[in-house]
Amino acid sequence: MKLLHLDSSILADNSVTRELSAVVANTLRQRHANVETSYRDLAANPIAHLSGEIVGARFAPESDWTATQRSEAALSEQLIEEFLAADVLVIGAPMYNFSIPTQLRSWIDRVFAAGRTFKYTETGPVGLVKDKKVVLVSARGGVHSGEQGSLMDFQEDYLVKVLGFLGVSDVEIIRAEAVNMGPDKRATSIHMAKEAIAKLAL
């Protein structure tokens, strides 16, 4: 079994998603023998945002590529191959300003590859990434699971739709909310999230 574990929080040891995503990954390794793990810390080792130079490589012969275009194309290929090879993805994705960390968005931009992870047809786009399980580890400072709060949620819903576009339908969410609304609520939310992890079908 191949596990791809991504963390994107910028908060280091203060991060709730890092703590919980590690519990998910460790739970998977405890339940299965020979789990091969690929880990990327997207905050500590950020992927460059797409730029005109990087995207310009698509419209130029490889012989004319700049050094940046060559290195970034190689990185994109590595990220796509890691994504395609994984049986399980664990994605630590905190809510920042009602959305996801920019570091995670950079990873998404690289694995969205026409002809590799999705394709366009006469009837519309088709996802090419099948037979994967994704566990999204979500943390929010406030509460966004209710009807009012969900109106400002461009984090979990976005990620589920992005993954669905690529063909990934088996997505489970481990959520810790109200983590900035006092130490008691933070501790309770993390405890409940860990209980939910123990019940995951991994």
# chains A, B, ... in the order shown; residues from 1 in each chain; ligands from 1
call {"tool": "residues_around", "arguments": {"residues": "stretch 85-93 of chain A", "least_positions_apart": "3", "cutoff": "10 Å", "atoms": "only C-alpha atoms", "output": "NGL selection string"}}
result
:A and (1-9 or 15-22 or 24-25 or 28 or 35-42 or 79-82 or 96 or 99-101 or 103-104 or 129-140 or 155-156 or 159 or 170-175 or 202)
call {"tool": "write_last_selection", "arguments": {"atoms": "C-alpha atoms", "output": "PDB file, in the first residue's frame"}}
result
ATOM      1  CA  MET A   1       0.000   0.000   0.000  1.00  0.00           C
ATOM      2  CA  LYS A   2       1.270   3.465  -0.916  1.00  0.00           C
ATOM      3  CA  LEU A   3       0.411   6.459   1.258  1.00  0.00           C
ATOM      4  CA  LEU A   4       0.864  10.068   0.182  1.00  0.00           C
ATOM      5  CA  HIS A   5       0.796  12.348   3.237  1.00  0.00           C
ATOM      6  CA  LEU A   6       0.592  16.104   2.699  1.00  0.00           C
ATOM      7  CA  ASP A   7       0.748  18.829   5.339  1.00  0.00           C
ATOM      8  CA  SER A   8       0.116  22.461   4.471  1.00  0.00           C
ATOM      9  CA  SER A   9      -0.235  24.309   7.772  1.00  0.00           C
ATOM     10  CA  SER A  15      -0.882  23.096  13.988  1.00  0.00           C
ATOM     11  CA  VAL A  16      -3.988  21.035  14.654  1.00  0.00           C
ATOM     12  CA  THR A  17      -4.021  19.520  11.165  1.00  0.00           C
ATOM     13  CA  ARG A  18      -0.408  18.385  11.486  1.00  0.00           C
ATOM     14  CA  GLU A  19      -1.191  16.654  14.763  1.00  0.00           C
ATOM     15  CA  LEU A  20      -4.290  14.958  13.383  1.00  0.00           C
ATOM     16  CA  SER A  21      -2.885  14.041   9.963  1.00  0.00           C
ATOM     17  CA  ALA A  22       0.001  12.298  11.737  1.00  0.00           C
ATOM     18  CA  VAL A  24      -4.315   9.243  10.557  1.00  0.00           C
ATOM     19  CA  ALA A  25      -1.059   8.202   8.890  1.00  0.00           C
ATOM     20  CA  LEU A  28      -2.983   3.404   8.652  1.00  0.00           C
ATOM     21  CA  VAL A  35       2.880   0.838   4.006  1.00  0.00           C
ATOM     22  CA  GLU A  36       5.167   2.848   1.748  1.00  0.00           C
ATOM     23  CA  THR A  37       4.882   6.511   2.742  1.00  0.00           C
ATOM     24  CA  SER A  38       5.686   9.599   0.697  1.00  0.00           C
ATOM     25  CA  TYR A  39       5.531  12.761   2.788  1.00  0.00           C
ATOM     26  CA  ARG A  40       5.504  16.363   1.652  1.00  0.00           C
ATOM     27  CA  ASP A  41       5.557  19.350   3.962  1.00  0.00           C
ATOM     28  CA  LEU A  42       4.158  21.957   1.617  1.00  0.00           C
ATOM     29  CA  LEU A  79       4.194  15.410  -8.012  1.00  0.00           C
ATOM     30  CA  ILE A  80       1.834  13.882 -10.583  1.00  0.00           C
ATOM     31  CA  GLU A  81       3.539  10.488 -10.351  1.00  0.00           C
ATOM     32  CA  GLU A  82       3.338  10.543  -6.532  1.00  0.00           C
ATOM     33  CA  TYR A  96      -7.156  30.097   6.185  1.00  0.00           C
ATOM     34  CA  SER A  99     -10.222  28.822   2.087  1.00  0.00           C
ATOM     35  CA  ILE A 100      -7.145  26.578   1.928  1.00  0.00           C
ATOM     36  CA  PRO A 101      -3.476  27.468   2.435  1.00  0.00           C
ATOM     37  CA  GLN A 103       0.814  26.172  -0.307  1.00  0.00           C
ATOM     38  CA  LEU A 104      -1.792  23.460  -0.843  1.00  0.00           C
ATOM     39  CA  VAL A 129      -7.791   9.291 -11.044  1.00  0.00           C
ATOM     40  CA  LYS A 130      -9.683   6.287  -9.733  1.00  0.00           C
ATOM     41  CA  ASP A 131      -9.537   3.794  -6.858  1.00  0.00           C
ATOM     42  CA  LYS A 132      -8.030   6.117  -4.263  1.00  0.00           C
ATOM     43  CA  LYS A 133      -9.108   6.929  -0.740  1.00  0.00           C
ATOM     44  CA  VAL A 134      -8.560  10.440   0.567  1.00  0.00           C
ATOM     45  CA  VAL A 135      -8.738  11.560   4.165  1.00  0.00           C
ATOM     46  CA  LEU A 136      -9.023  15.335   4.453  1.00  0.00           C
ATOM     47  CA  VAL A 137      -7.895  16.574   7.845  1.00  0.00           C
ATOM     48  CA  SER A 138      -9.611  19.916   8.353  1.00  0.00           C
ATOM     49  CA  ALA A 139      -9.236  22.473  11.128  1.00  0.00           C
ATOM     50  CA  ARG A 140     -11.124  25.727  11.587  1.00  0.00           C
ATOM     51  CA  GLN A 155     -12.155  24.979   2.135  1.00  0.00           C
ATOM     52  CA  GLU A 156     -13.692  21.517   2.526  1.00  0.00           C
ATOM     53  CA  LEU A 159     -11.299  20.261  -1.916  1.00  0.00           C
ATOM     54  CA  ASP A 170     -13.898   8.160  -1.777  1.00  0.00           C
ATOM     55  CA  VAL A 171     -13.231  11.176   0.449  1.00  0.00           C
ATOM     56  CA  GLU A 172     -13.649  11.271   4.224  1.00  0.00           C
ATOM     57  CA  ILE A 173     -13.285  14.388   6.331  1.00  0.00           C
ATOM     58  CA  ILE A 174     -11.804  14.527   9.820  1.00  0.00           C
ATOM     59  CA  ARG A 175     -12.761  17.920  11.201  1.00  0.00           C
ATOM     60  CA  LEU A 202      -8.651   2.551   6.386  1.00  0.00           C
TER      61      LEU A 202
END
call {"tool": "select_by_dssp", "arguments": {"residues": "stretch 10-185 of chain A", "states": "strand (DSSP E or B)", "output": "VMD selection string"}}
result
chain A and resid 36 to 41 88 to 94 96 99 114 118 to 121 124 to 127 133 to 139 170 to 176
call {"tool": "write_last_selection", "arguments": {"atoms": "N, CA, C and O atoms", "output": "compact mmCIF listing (two decimals), in the first residue's frame"}}
result
# COMPACT_ATOMS: atom_id res chain seq x y z
N GLU A 36 4.10 2.02 2.30
CA GLU A 36 5.17 2.85 1.75
C GLU A 36 4.69 4.30 1.74
O GLU A 36 3.74 4.64 1.05
N THR A 37 5.36 5.15 2.54
CA THR A 37 4.88 6.51 2.74
C THR A 37 5.73 7.52 1.99
O THR A 37 6.96 7.50 2.06
N SER A 38 5.05 8.41 1.26
CA SER A 38 5.69 9.60 0.70
C SER A 38 5.11 10.79 1.45
O SER A 38 3.89 10.93 1.56
N TYR A 39 5.99 11.62 1.98
CA TYR A 39 5.53 12.76 2.79
C TYR A 39 6.03 14.06 2.19
O TYR A 39 7.20 14.18 1.81
N ARG A 40 5.12 15.03 2.10
CA ARG A 40 5.50 16.36 1.65
C ARG A 40 4.99 17.40 2.64
O ARG A 40 3.80 17.45 2.93
N ASP A 41 5.91 18.21 3.12
CA ASP A 41 5.56 19.35 3.96
C ASP A 41 5.51 20.56 3.04
O ASP A 41 6.56 21.13 2.68
N VAL A 88 -3.69 5.74 -0.91
CA VAL A 88 -4.37 6.56 0.10
C VAL A 88 -3.66 7.90 0.19
O VAL A 88 -2.43 7.96 0.17
N LEU A 89 -4.45 8.97 0.25
CA LEU A 89 -3.90 10.31 0.48
C LEU A 89 -4.43 10.82 1.81
O LEU A 89 -5.63 10.72 2.09
N VAL A 90 -3.54 11.36 2.61
CA VAL A 90 -3.91 12.07 3.83
C VAL A 90 -3.48 13.51 3.62
O VAL A 90 -2.30 13.79 3.41
N ILE A 91 -4.45 14.42 3.65
CA ILE A 91 -4.18 15.82 3.34
C ILE A 91 -4.54 16.68 4.53
O ILE A 91 -5.71 16.80 4.90
N GLY A 92 -3.54 17.28 5.15
CA GLY A 92 -3.77 18.24 6.22
C GLY A 92 -4.09 19.59 5.61
O GLY A 92 -3.23 20.19 4.96
N ALA A 93 -5.33 20.06 5.81
CA ALA A 93 -5.80 21.26 5.12
C ALA A 93 -6.54 22.18 6.07
O ALA A 93 -7.77 22.13 6.18
N PRO A 94 -5.84 23.06 6.78
CA PRO A 94 -6.54 24.02 7.65
C PRO A 94 -7.27 25.07 6.84
O PRO A 94 -6.97 25.29 5.66
N TYR A 96 -7.77 28.78 6.07
CA TYR A 96 -7.16 30.10 6.19
C TYR A 96 -8.04 31.09 5.43
O TYR A 96 -8.23 30.95 4.21
N SER A 99 -10.64 29.69 3.19
CA SER A 99 -10.22 28.82 2.09
C SER A 99 -9.06 27.94 2.55
O SER A 99 -8.91 27.69 3.75
N ALA A 114 -4.05 18.03 -17.64
CA ALA A 114 -4.91 17.49 -18.70
C ALA A 114 -4.19 16.34 -19.40
O ALA A 114 -3.02 16.43 -19.76
N PHE A 118 -6.96 14.23 -15.67
CA PHE A 118 -8.31 14.44 -16.20
C PHE A 118 -8.18 14.65 -17.70
O PHE A 118 -7.09 14.88 -18.24
N LYS A 119 -9.31 14.55 -18.39
CA LYS A 119 -9.31 14.83 -19.83
C LYS A 119 -10.62 15.50 -20.20
O LYS A 119 -11.63 15.38 -19.51
N TYR A 120 -10.58 16.22 -21.31
CA TYR A 120 -11.79 16.82 -21.85
C TYR A 120 -12.33 15.94 -22.97
O TYR A 120 -11.57 15.43 -23.78
N THR A 121 -13.64 15.77 -22.97
CA THR A 121 -14.31 15.01 -24.01
C THR A 121 -15.41 15.86 -24.62
O THR A 121 -15.66 16.98 -24.17
N GLY A 124 -17.81 16.73 -21.97
CA GLY A 124 -17.33 17.41 -20.78
C GLY A 124 -16.09 16.75 -20.20
O GLY A 124 -15.59 15.75 -20.73
N PRO A 125 -15.59 17.28 -19.08
CA PRO A 125 -14.37 16.73 -18.48
C PRO A 125 -14.63 15.39 -17.80
O PRO A 125 -15.71 15.13 -17.29
N VAL A 126 -13.59 14.55 -17.80
CA VAL A 126 -13.65 13.24 -17.16
C VAL A 126 -12.42 13.08 -16.28
O VAL A 126 -11.29 13.27 -16.73
N GLY A 127 -12.62 12.73 -15.01
CA GLY A 127 -11.51 12.48 -14.11
C GLY A 127 -10.85 11.14 -14.42
O GLY A 127 -11.53 10.16 -14.70
N LYS A 133 -8.40 6.42 -1.92
CA LYS A 133 -9.11 6.93 -0.74
C LYS A 133 -8.37 8.17 -0.26
O LYS A 133 -7.14 8.18 -0.19
N VAL A 134 -9.14 9.21 0.06
CA VAL A 134 -8.56 10.44 0.57
C VAL A 134 -9.16 10.75 1.93
O VAL A 134 -10.38 10.69 2.11
N VAL A 135 -8.30 11.06 2.87
CA VAL A 135 -8.74 11.56 4.16
C VAL A 135 -8.31 13.01 4.26
O VAL A 135 -7.11 13.32 4.27
N LEU A 136 -9.29 13.91 4.28
CA LEU A 136 -9.02 15.34 4.45
C LEU A 136 -9.05 15.66 5.94
O LEU A 136 -10.06 15.43 6.60
N VAL A 137 -7.97 16.17 6.44
CA VAL A 137 -7.90 16.57 7.84
C VAL A 137 -8.06 18.09 7.89
O VAL A 137 -7.19 18.84 7.45
N SER A 138 -9.21 18.51 8.39
CA SER A 138 -9.61 19.92 8.35
C SER A 138 -9.61 20.51 9.76
O SER A 138 -10.02 19.85 10.72
N ALA A 139 -9.14 21.74 9.86
CA ALA A 139 -9.24 22.47 11.13
C ALA A 139 -9.71 23.88 10.84
O ALA A 139 -9.31 24.49 9.84
N ASP A 170 -13.97 8.70 -3.14
CA ASP A 170 -13.90 8.16 -1.78
C ASP A 170 -13.13 9.14 -0.89
O ASP A 170 -11.91 9.02 -0.73
N VAL A 171 -13.85 10.12 -0.36
CA VAL A 171 -13.23 11.18 0.45
C VAL A 171 -13.91 11.22 1.81
O VAL A 171 -15.14 11.34 1.89
N GLU A 172 -13.13 11.13 2.86
CA GLU A 172 -13.65 11.27 4.22
C GLU A 172 -13.00 12.47 4.88
O GLU A 172 -11.81 12.75 4.66
N ILE A 173 -13.77 13.17 5.69
CA ILE A 173 -13.28 14.39 6.33
C ILE A 173 -13.19 14.18 7.84
O ILE A 173 -14.15 13.76 8.48
N ILE A 174 -12.01 14.46 8.37
CA ILE A 174 -11.80 14.53 9.82
C ILE A 174 -11.71 16.01 10.15
O ILE A 174 -10.82 16.71 9.67
N ARG A 175 -12.63 16.48 10.99
CA ARG A 175 -12.76 17.92 11.20
C ARG A 175 -12.59 18.28 12.67
O ARG A 175 -13.18 17.66 13.55
N ALA A 176 -11.80 19.33 12.90
CA ALA A 176 -11.69 19.94 14.23
C ALA A 176 -12.09 21.40 14.09
O ALA A 176 -11.43 22.15 13.37
call {"tool": "closest_residue", "arguments": {"among": "A:Phe154, A:Leu128, A:Gly56, A:Thr117", "to": "A:Asn97", "atoms": "only C-alpha atoms"}}
result
A:Phe154
call {"tool": "residues_around", "arguments": {"residues": "A:Lys185", "least_positions_apart": "4", "cutoff": "12 Å", "atoms": "only C-alpha atoms", "output": "ChimeraX atom specification"}}
result
/A:140-143,176-181,189-192
call {"tool": "atom_distance", "arguments": {"atom1": "atom CA of A:Arg58", "atom2": "atom CA of A:Ala73"}}
result
9.4 Å
call {"tool": "atom_distance", "arguments": {"atom1": "atom CA of A:Glu62", "atom2": "atom CA of A:Arg110"}}
result
18.2 Å
call {"tool": "atom_distance", "arguments": {"atom1": "atom CA of A:Phe83", "atom2": "atom CA of A:Ser71"}}
result
18.5 Å
call {"tool": "select_by_dssp", "arguments": {"residues": "stretch 23-177 of chain A", "states": "alpha helix (DSSP H)", "output": "short mmCIF file (atom, residue, chain, number, x, y, z; two decimals) with N, CA and C atoms, in the first residue's frame"}}
result
data_model
loop_
_atom_site.label_atom_id
_atom_site.label_comp_id
_atom_site.auth_asym_id
_atom_site.auth_seq_id
_atom_site.Cartn_x
_atom_site.Cartn_y
_atom_site.Cartn_z
N VAL A 23 -1.77 11.37 13.14
CA VAL A 23 -2.53 10.28 13.77
C VAL A 23 -3.17 9.40 12.69
N VAL A 24 -3.71 10.03 11.64
CA VAL A 24 -4.31 9.24 10.56
C VAL A 24 -3.26 8.37 9.89
N ALA A 25 -2.12 8.96 9.56
CA ALA A 25 -1.06 8.20 8.89
C ALA A 25 -0.56 7.06 9.77
N ASN A 26 -0.36 7.33 11.06
CA ASN A 26 0.11 6.29 11.97
C ASN A 26 -0.93 5.18 12.13
N THR A 27 -2.20 5.55 12.16
CA THR A 27 -3.27 4.55 12.26
C THR A 27 -3.25 3.63 11.05
N LEU A 28 -3.06 4.21 9.87
CA LEU A 28 -2.98 3.40 8.65
C LEU A 28 -1.81 2.43 8.71
N ARG A 29 -0.66 2.91 9.17
CA ARG A 29 0.53 2.05 9.24
C ARG A 29 0.36 0.94 10.28
N GLN A 30 -0.38 1.24 11.35
CA GLN A 30 -0.62 0.22 12.36
C GLN A 30 -1.55 -0.88 11.87
N ARG A 31 -2.45 -0.53 10.97
CA ARG A 31 -3.45 -1.49 10.49
C ARG A 31 -2.97 -2.32 9.31
N GLY A 52 4.03 32.83 -15.42
CA GLY A 52 4.07 32.85 -16.88
C GLY A 52 5.22 32.05 -17.43
N GLU A 53 6.36 32.10 -16.75
CA GLU A 53 7.52 31.34 -17.22
C GLU A 53 7.28 29.84 -17.11
N ILE A 54 6.74 29.41 -15.97
CA ILE A 54 6.51 27.97 -15.77
C ILE A 54 5.50 27.44 -16.78
N VAL A 55 4.37 28.14 -16.91
CA VAL A 55 3.33 27.69 -17.84
C VAL A 55 3.79 27.83 -19.29
N GLY A 56 4.66 28.78 -19.54
CA GLY A 56 5.15 29.00 -20.90
C GLY A 56 5.86 27.81 -21.50
N ALA A 67 16.25 27.19 -17.54
CA ALA A 67 16.61 26.30 -16.43
C ALA A 67 15.45 26.17 -15.46
N THR A 68 14.73 27.27 -15.22
CA THR A 68 13.57 27.22 -14.33
C THR A 68 12.49 26.32 -14.90
N GLN A 69 12.23 26.45 -16.18
CA GLN A 69 11.20 25.61 -16.81
C GLN A 69 11.57 24.13 -16.72
N ARG A 70 12.82 23.81 -16.89
CA ARG A 70 13.24 22.41 -16.80
C ARG A 70 13.06 21.86 -15.39
N SER A 71 13.48 22.61 -14.41
CA SER A 71 13.39 22.13 -13.03
C SER A 71 11.94 22.05 -12.57
N GLU A 72 11.12 23.02 -12.98
CA GLU A 72 9.72 23.01 -12.55
C GLU A 72 8.93 21.93 -13.28
N ALA A 73 9.25 21.66 -14.53
CA ALA A 73 8.59 20.57 -15.25
C ALA A 73 8.92 19.23 -14.61
N ALA A 74 10.16 19.07 -14.18
CA ALA A 74 10.56 17.83 -13.50
C ALA A 74 9.83 17.68 -12.18
N LEU A 75 9.69 18.78 -11.45
CA LEU A 75 8.96 18.73 -10.18
C LEU A 75 7.50 18.40 -10.42
N SER A 76 6.88 19.02 -11.40
CA SER A 76 5.47 18.73 -11.70
C SER A 76 5.29 17.26 -12.02
N GLU A 77 6.19 16.71 -12.80
CA GLU A 77 6.09 15.29 -13.15
C GLU A 77 6.21 14.42 -11.90
N GLN A 78 7.11 14.76 -11.01
CA GLN A 78 7.27 14.00 -9.77
C GLN A 78 6.01 14.06 -8.92
N LEU A 79 5.40 15.25 -8.81
CA LEU A 79 4.19 15.41 -8.01
C LEU A 79 3.03 14.61 -8.61
N ILE A 80 2.90 14.64 -9.92
CA ILE A 80 1.83 13.88 -10.58
C ILE A 80 2.03 12.39 -10.37
N GLU A 81 3.26 11.91 -10.53
CA GLU A 81 3.54 10.49 -10.35
C GLU A 81 3.27 10.04 -8.92
N GLU A 82 3.63 10.86 -7.93
CA GLU A 82 3.34 10.54 -6.53
C GLU A 82 1.84 10.43 -6.31
N PHE A 83 1.10 11.36 -6.87
CA PHE A 83 -0.35 11.38 -6.72
C PHE A 83 -0.98 10.15 -7.37
N LEU A 84 -0.57 9.83 -8.57
CA LEU A 84 -1.15 8.70 -9.28
C LEU A 84 -0.79 7.37 -8.61
N ALA A 85 0.39 7.29 -8.02
CA ALA A 85 0.86 6.03 -7.44
C ALA A 85 0.21 5.73 -6.09
N THR A 102 -2.37 28.68 0.68
CA THR A 102 -1.85 28.88 -0.67
C THR A 102 -0.85 27.79 -1.05
N GLN A 103 -0.16 27.24 -0.04
CA GLN A 103 0.81 26.17 -0.31
C GLN A 103 0.13 24.92 -0.85
N LEU A 104 -1.05 24.61 -0.34
CA LEU A 104 -1.79 23.46 -0.84
C LEU A 104 -2.34 23.74 -2.23
N ARG A 105 -2.75 24.98 -2.48
CA ARG A 105 -3.25 25.34 -3.81
C ARG A 105 -2.15 25.13 -4.86
N SER A 106 -0.90 25.42 -4.50
CA SER A 106 0.21 25.21 -5.45
C SER A 106 0.34 23.75 -5.83
N TRP A 107 0.16 22.86 -4.85
CA TRP A 107 0.21 21.42 -5.15
C TRP A 107 -0.93 21.03 -6.09
N ILE A 108 -2.12 21.53 -5.80
CA ILE A 108 -3.28 21.23 -6.64
C ILE A 108 -3.03 21.68 -8.08
N ASP A 109 -2.48 22.88 -8.25
CA ASP A 109 -2.22 23.39 -9.59
C ASP A 109 -1.26 22.49 -10.37
N ARG A 110 -0.36 21.82 -9.68
CA ARG A 110 0.60 20.96 -10.36
C ARG A 110 -0.01 19.61 -10.75
N VAL A 111 -0.91 19.07 -9.92
CA VAL A 111 -1.45 17.74 -10.22
C VAL A 111 -2.69 17.82 -11.12
N GLU A 156 -13.35 22.93 2.69
CA GLU A 156 -13.69 21.52 2.53
C GLU A 156 -14.46 21.27 1.23
N ASP A 157 -15.47 22.10 0.98
CA ASP A 157 -16.28 21.91 -0.22
C ASP A 157 -15.43 22.03 -1.48
N TYR A 158 -14.53 22.99 -1.48
CA TYR A 158 -13.63 23.18 -2.62
C TYR A 158 -12.77 21.94 -2.84
N LEU A 159 -12.17 21.41 -1.78
CA LEU A 159 -11.30 20.26 -1.92
C LEU A 159 -12.06 19.03 -2.38
N VAL A 160 -13.25 18.82 -1.86
CA VAL A 160 -14.06 17.67 -2.29
C VAL A 160 -14.39 17.79 -3.78
N LYS A 161 -14.73 18.98 -4.22
CA LYS A 161 -15.08 19.19 -5.63
C LYS A 161 -13.85 19.05 -6.53
N VAL A 162 -12.72 19.57 -6.09
CA VAL A 162 -11.48 19.44 -6.86
C VAL A 162 -11.11 17.96 -7.05
N LEU A 163 -11.15 17.22 -5.96
CA LEU A 163 -10.83 15.80 -6.03
C LEU A 163 -11.85 15.05 -6.89
N GLY A 164 -13.11 15.42 -6.75
CA GLY A 164 -14.14 14.78 -7.55
C GLY A 164 -13.95 15.04 -9.04
N PHE A 165 -13.51 16.25 -9.39
CA PHE A 165 -13.24 16.58 -10.79
C PHE A 165 -12.18 15.64 -11.36
#
call {"tool": "decode", "arguments": {"residues": "stretch 47-112 of chain A", "atoms": "C-alpha atoms", "output": "CSV table (one decimal), in the first residue's frame"}}
result
chain,number,residue,atom,x,y,z
A,47,ILE,CA,6.0,24.5,-4.4
A,48,ALA,CA,6.4,27.6,-6.5
A,49,HIS,CA,3.1,29.1,-7.7
A,50,LEU,CA,2.5,28.9,-11.4
A,51,SER,CA,4.0,31.7,-13.3
A,52,GLY,CA,4.1,32.9,-16.9
A,53,GLU,CA,7.5,31.3,-17.2
A,54,ILE,CA,6.5,28.0,-15.8
A,55,VAL,CA,3.3,27.7,-17.8
A,56,GLY,CA,5.2,29.0,-20.9
A,57,ALA,CA,7.0,25.7,-21.2
A,58,ARG,CA,3.8,24.2,-22.5
A,59,PHE,CA,4.0,26.4,-25.6
A,60,ALA,CA,7.7,26.1,-26.4
A,61,PRO,CA,9.9,23.2,-27.5
A,62,GLU,CA,11.8,21.6,-24.7
A,63,SER,CA,15.1,22.6,-26.4
A,64,ASP,CA,14.2,26.2,-25.7
A,65,TRP,CA,13.2,25.8,-22.1
A,66,THR,CA,14.9,27.9,-19.4
A,67,ALA,CA,16.6,26.3,-16.4
A,68,THR,CA,13.6,27.2,-14.3
A,69,GLN,CA,11.2,25.6,-16.8
A,70,ARG,CA,13.2,22.4,-16.8
A,71,SER,CA,13.4,22.1,-13.0
A,72,GLU,CA,9.7,23.0,-12.6
A,73,ALA,CA,8.6,20.6,-15.2
A,74,ALA,CA,10.6,17.8,-13.5
A,75,LEU,CA,9.0,18.7,-10.2
A,76,SER,CA,5.5,18.7,-11.7
A,77,GLU,CA,6.1,15.3,-13.1
A,78,GLN,CA,7.3,14.0,-9.8
A,79,LEU,CA,4.2,15.4,-8.0
A,80,ILE,CA,1.8,13.9,-10.6
A,81,GLU,CA,3.5,10.5,-10.4
A,82,GLU,CA,3.3,10.5,-6.5
A,83,PHE,CA,-0.3,11.4,-6.7
A,84,LEU,CA,-1.1,8.7,-9.3
A,85,ALA,CA,0.9,6.0,-7.4
A,86,ALA,CA,-0.8,6.6,-4.1
A,87,ASP,CA,-3.5,4.3,-2.8
A,88,VAL,CA,-4.4,6.6,0.1
A,89,LEU,CA,-3.9,10.3,0.5
A,90,VAL,CA,-3.9,12.1,3.8
A,91,ILE,CA,-4.2,15.8,3.3
A,92,GLY,CA,-3.8,18.2,6.2
A,93,ALA,CA,-5.8,21.3,5.1
A,94,PRO,CA,-6.5,24.0,7.6
A,95,MET,CA,-8.9,26.8,6.8
A,96,TYR,CA,-7.2,30.1,6.2
A,97,ASN,CA,-9.4,33.1,5.5
A,98,PHE,CA,-12.3,30.8,4.6
A,99,SER,CA,-10.2,28.8,2.1
A,100,ILE,CA,-7.1,26.6,1.9
A,101,PRO,CA,-3.5,27.5,2.4
A,102,THR,CA,-1.9,28.9,-0.7
A,103,GLN,CA,0.8,26.2,-0.3
A,104,LEU,CA,-1.8,23.5,-0.8
A,105,ARG,CA,-3.2,25.3,-3.8
A,106,SER,CA,0.2,25.2,-5.4
A,107,TRP,CA,0.2,21.4,-5.1
A,108,ILE,CA,-3.3,21.2,-6.6
A,109,ASP,CA,-2.2,23.4,-9.6
A,110,ARG,CA,0.6,21.0,-10.4
A,111,VAL,CA,-1.5,17.7,-10.2
A,112,PHE,CA,-4.2,19.2,-12.4
